[in-house]
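S.K.: Mind looking over this structure? Questions follow.
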Amino acid sequence: MAAKIVPRKYPMPEQDPKERIKNFNEVPLGQDPETVKLEAARCLQCKPPKGKTVPPCVEGCPVGIDIPGFLALAREGRFEEAIALIKEKNALPAICGRVCPYENQCEGACTLGKKYEPVGIGRVERFLADWERARGFRVPPRPAPTGKRVAVVGSGPAGLTAAADLARRGHAVTIFEALHAPGGVLVYGIPEFRLPKEIVRAEVEYVKSLGVEVKVDVVVGKTVTLEELRREYDAVFVATGAGLPNFMRIPGENLNGIYSANEFLTRTNLMKAYLFPEYDTPTKVGRRVATIGAGNVAMDCARTALRLGAEESYIIYRRSRAEMPARKEEIQRAEEEGVKFQLLTLPKRYLGDERGWVREVECVRMQLGEPDESGRRRPVEVPGSEFRIQVDTVVVAIGQSPNPLVPATTPGLKTSRWGTILVDEEGRTSLEGVWAGGDITTGEATVILAMGAGKRAAASIHEYLSGKPWPGDWRPVNG
Amino acid sequence: MFKILSKQFLCPTVARFEIEAPLIARKAQPGQFVILRIDERGERIPLTLNDWSPERGTITVVALEAGATTKRLNSLKAGDYLADVVGPLGRPAEIGRYGTVACVGGGVGIACIYPEVRAFKAAGNHVISIIGARTRELLIFEEEIRRFSDELHVTTDDGSYARKGFVSDVLKELLEKGRKIDLVVAVGPVPMMKAVAEVTRPHGVKTVVSLNPIMVDGTGMCGCCRVEVGGKTRFACVDGPEFDAHQVDFDLLAARNRRYLEEERMALERLKGGR
């Protein structure tokens with residue numbers, strides 16, 4: 001054990017805010033091997049508390065990585081063994097090492113974190129994954145085929161994780177992806193400067209190397225139906241995500257220059273509009289850009305707008321700073337880059353010019369009243385406080401609803417009144433042989449929670465394919 | 001990758017492609033479309049299905065050269081491959097037995113209305129087809145449409161062939177003469193569809209139009225294709241592409257379709273410079 005406690009994380013160098021808003025390169029630059037060894041050595045190697053089987057950090061990890069185990073190996077510079085240990089549980093470590101909200105999970109549960117800064121678990125994971133990728137993956141030996149076939153619908157974090165886990169157990173897995181590139185939200189939603197697409201591509205290649213087949217350009221519900229997949233495969237896992245953008249339904253919302261966050265990000269990330277005209281898909285960003293909403297997606301949009309040349313990038317949010325749902329780190333980075341926050345402000349309508357382009361957003365000031373169902377203080381309008389903000393571009397980032405394509409075309413697949421697919425504690429749906437997980441069952445959440453759901457479903461699918469009967473008394477847990 | 005099996009120019013600016021896409025061919029229905037991408041750097045563009053053959057495992061689309069992407073598309077040949085073809089997308093047309101159905105096609109919209117002409121005829125309707133183009137050489141699919149129509153009316157804007165005028169003029173005349181028409185389906189440029197809607201509105205004839213907004217994913221994910229129908233926002237890719245013509249805000253659609261004119265010009269210039 002380290003003799004002396006190091007109270008703070010070893011810093012990770014970052015691109016300077018003034019520079020980075022001019023490019024789409026990643027913001028944090030990674031750490032060197034010596035720093036990583038020191039960071040890993042900060043771990044106290046806690047034993048499981050009484051009555052528990054794993055230490056707190058592992059309990060805080062939705063995919064149950066042996067965190068003290070890989071930190072102990074990393075501390076000694078045994079990077080190859082350390083990353084192999086992570087990959088027993090997590091096929092996408094370079095992705096998780098970048099986009100996981102560690103502060104609420106492993107690092108949030110870290111014992112050291114009670115008095116000092118927690119161990120920088122995320123940055124060690126990131127280093128190990130990058131270290132391995134730079135050397136080329138070692139493909140694990142394939143298990144004997146079970147002869148069972150599984151279809152996975154959607155190649156986002158839940159689908160990729162379930163596919164990897166099932167392939168490692170010897171099942172033949174085919175992923176069906178509607179878009180032309182696998183990765184789901186990892187490729188269309190999360191910007192290059194937070195998650196380089198080359199990294200997603202590499203980790204998808206790793207999942208393929210486990211024996212998983214990926215079929216792009218197949219829209220389940222249109223090109224093939226879920227019923228057809230059920231007939232052809234022994235089990236189906238539905239992980240179609242929360243892909244339906246919400247709008248506020250206020251006047252003027254269809255003016256030119258107003259995007260959903262999904263469109264704005266998809267154009268930029270998946271279609272690479274920031275490289276127009278090298279790439280064919282254009283995007284248009286004016287001098288003044290307002291992003292409506294204050295979640296992680298909103299921060300991504302506001303920061304993307306700066307990189308696309310906006311002079312002013314605003315976040316407009318109806319509650320106060322304390323209620324902003326984005327990760328602290330994302331808010332901080334947005335602020336460093338010059339994003340301005342118009343808090344306690346609610347858009348009421350958009351005003352356009354004679355050619356149909358948005359020119360102003362009329363807002364009203366808000367104040368916080370009594371707490372609502374979510375426990376957050378309810379924002380109420382301040383009468384007579386209307387004012388206008390000049391804008392050239394608006395991005396509506398107020399959340400996504402579950403993708404309705406599969407439920408709408410699958411008789412018997414039960415959904416909640418919010419449109420999420422109902423599942424029991426193992427991810428089983430109302431149809432035998434069909435599981436679901438990720439945002440399609442929870443509504444919009446995080447990459448790692450979707451991965452956890454993929455893992456649970458894979459375990460349940462494996463048991464079913466090994467002979468465990470389908471339950472007679474199916475009880476959904478997410479109604 | 002999706003192989004182009006055959007390609008012909010129907011007129012100098014419109015080409016027809018038969019593409020190997022067995023999964024799409026098995027599911028395609030009149031009124032649906034595909035999203036296509038030429039190569040790794042390409043944009044995703046929607047094209048209405050012109051025909052399909054589950055037996056051959058192929059679909060047919062018709063593209064009008066309008067911007068850089070369609071110009072490049074139309075330069076491809078049989079044996080070339082497209083990076084992506086996705087579909088069939090959108091809700092199928094509501095084919096049924098209405099009585100007398102007028103199918104109105106303008107420009108490249110004639111190729112889009114063709115499968116509906118065929119399907120309405122097969123469903124036992126009396127089909128009146130009205131097709132039109134700017135000028136004689138741009139008129140496509142006349143013989144194919146004729147084969148499945150009980151009556152065919154043809155117009156050219158400049159009078160270089162058949163009747164001079166617009167397709168909406170013919171429709172107006174028929175209605176004013178008291179012809180009983182139970183359903184009008186129109187596909188074509190926005191001003192033409194708007195004109196058709198205005199012609200049928202006073203006669204209270206049910207009218208359906210197939211909208212052609214800009215799209216990205218085509219599966220309801222991005223909202224790029226939103227249109228207003230009856231004052232409500234709808235996504236043309238999943239709620240449409242066909243809507244009640246009397247409820248559609250055509251001016252909004254026209255304005256939204258002009259969003260990237262500047263960029264389209266830039267891309268065309270670049271293409272001419274030899275990309």
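Lettering and numbering for the structure tokens are positional, with chains as A, B, ... in the shown order, residues counted from 1 in each chain, and ligands counted from 1 in the shown order.
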Please identify all polymer residues within 9 Å of region 45-57 of chain B, counting only C-alpha atoms, omitting same-chain residues fewer than 4 positions from it, and present them as a ChimeraX atom specification.

M.R.: /B:16,18-37,61-63,69-70,88,109,111-115,212-218

S.K.: Can you check which parts of chain A lie within 9 Å of chain B? Per residue, the shortest pair of atoms and distance in Å to one decimal, counting only C-alpha atoms, sorted by chain and number, as CSV.

M.R.:
residue,atom,partner,partner_atom,distance
A:Ala178,CA,B:Val86,CA,7.7
A:Leu179,CA,B:Asp217,CA,7.1
A:His180,CA,B:Asp84,CA,6.6
A:Val216,CA,B:Asp84,CA,8.6
A:Asp217,CA,B:Val86,CA,5.2
A:Val218,CA,B:Val86,CA,6.6
A:Val219,CA,B:Gly87,CA,6.9
A:Lys222,CA,B:Pro88,CA,6.1
A:Thr223,CA,B:Gly87,CA,5.7
A:Val224,CA,B:Leu23,CA,7.4
A:Ala242,CA,B:Met221,CA,8.7
A:Gly243,CA,B:Met221,CA,5.0
A:Leu244,CA,B:Met221,CA,5.0
A:Pro245,CA,B:Met221,CA,6.4
A:Arg249,CA,B:Thr233,CA,8.0
A:Asn254,CA,B:Arg226,CA,7.3
A:Leu255,CA,B:Arg256,CA,7.5
A:Asn256,CA,B:Arg256,CA,6.0
A:Gly257,CA,B:Arg259,CA,7.9
A:Tyr259,CA,B:Cys224,CA,7.2
A:Ser260,CA,B:Gly223,CA,6.4
A:Ala261,CA,B:Cys222,CA,7.8
A:Asn262,CA,B:Cys222,CA,5.0
A:Glu263,CA,B:Cys222,CA,4.4
A:Phe264,CA,B:Cys222,CA,8.1
A:Thr266,CA,B:Cys222,CA,7.6
A:Arg267,CA,B:Val216,CA,7.7
A:Met271,CA,B:Glu43,CA,7.0
A:Lys272,CA,B:Arg41,CA,8.2
A:Phe276,CA,B:Ala267,CA,8.8
A:Pro277,CA,B:Ala267,CA,6.4
A:Glu278,CA,B:Arg41,CA,7.4
A:Tyr279,CA,B:Arg41,CA,4.7
A:Asp280,CA,B:Gly42,CA,5.1
A:Thr281,CA,B:Glu43,CA,4.9
A:Pro282,CA,B:Glu263,CA,6.5
A:Thr283,CA,B:Tyr260,CA,7.9
A:Lys284,CA,B:Tyr260,CA,7.9
A:Arg355,CA,B:Ala255,CA,6.9
A:Gly356,CA,B:Ala255,CA,6.1
A:Trp357,CA,B:Ala255,CA,8.6
A:Asn403,CA,B:Met221,CA,7.7
A:Pro404,CA,B:Gly220,CA,8.8
A:Leu405,CA,B:Thr219,CA,8.0

S.K.: Tell me which protein, DNA and RNA residues are within 8 Å of region 3-13 of chain B, counting only C-alpha atoms, leaving out same-chain ones fewer than 4 positions away, and put them as a ChimeraX atom specification.

M.R.: /B:17-20,64-65,77-82,137-140

S.K.: Compile the contact shell of Leu171 (chain B) as number ranges by chain: residues with an atom at most 8 Å away, counting only C-alpha atoms, same-chain residues fewer than 3 positions apart removed.

M.R.: B: 130, 167-168, 174-175, 196, 199

S.K.: So how far away is CA of Leu160 (chain A) from CA of Phe247 (chain A), in Å?

M.R.: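 The value is 29.1 Å.
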
S.K.: Which residues are close to Gly472 (chain A), i.e. within 12 Å by only C-alpha atoms, leaving aside same-chain residues fewer than 2 positions away? Reply as a PyMOL selection string.

M.R.: chain A and resi 428+430-432+468-470+474-475

S.K.: Enumerate the residues of region 142-211 of chain A with a DSSP assignment of strand (DSSP E), computed from the backbone, and present them as a ChimeraX atom specification.

M.R.: /A:149-153,172-176

S.K.: If I take CA of Gly438 (chain A) and CA of Ala181 (chain A), how far is one from the other in Å, to one decimal?

M.R.: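 Computing it gives 18.9 Å between the two atoms.
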
S.K.: Which residues, written as a count of residues only, have at least one atom at most 7 Å from Val58 (chain A), with only C-alpha atoms counted and residues fewer than 4 positions away on the same chain left out?

M.R.: 6

S.K.: Smallest atom-to-atom distance to Thr393 (chain A): which of A:Gly419, A:Gly352, A:Gly375, A:Pro196, using only C-alpha atoms?

M.R.: A:Gly352

S.K.: From a backbone DSSP assignment, name each residue in region 203-433 of chain A labelled alpha helix (DSSP H), as number ranges by chain.

M.R.: A: 203-209, 226-232, 261-268, 296-307, 328-336, 405-408

S.K.: Can you tell me how far CA of Lys148 (chain A) sits from CA of Phe237 (chain A), in Å to one decimal?

M.R.: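 That distance, rounded to one decimal, is 13.8 Å.
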
S.K.: Residues at most 9 Å from Ser149 (chain B), counting only C-alpha atoms, excluding those fewer than 4 positions away in the same chain, as a ChimeraX atom specification?

M.R.: /B:117-118,121,126-129,145

S.K.: Keeping only C-alpha atoms, write those residues as a compact mmCIF listing (two decimals), in the first residue's frame.

M.R.:
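Result saved to part.txt:
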# COMPACT_ATOMS: atom_id res chain seq x y z
CA VAL B 117 -51.48 4.63 -60.49
CA ARG B 118 -50.82 0.91 -60.83
CA LYS B 121 -56.02 0.55 -60.88
CA HIS B 126 -61.34 4.28 -62.37
CA VAL B 127 -57.96 6.01 -62.65
CA ILE B 128 -57.60 9.43 -64.27
CA SER B 129 -53.91 10.29 -64.60
CA ILE B 145 -48.67 5.64 -66.75

S.K.: My list of candidates is A:Ala144, A:Ala457, A:Val238, A:Ala94. Which is closest to Val204 (chain A) when distances are computed with only C-alpha atoms?

M.R.: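 Closest candidate: A:Ala94.
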
S.K.: Restricting the calculation to only C-alpha atoms, which member of B:Leu73, B:Glu176, B:Leu261, B:Thr60 is positioned closest to Pro202 (chain B)?

M.R.: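 Checking each of B:Leu73, B:Glu176, B:Leu261, B:Thr60 against Pro202 (chain B), counting only C-alpha atoms, the winner is B:Glu176.
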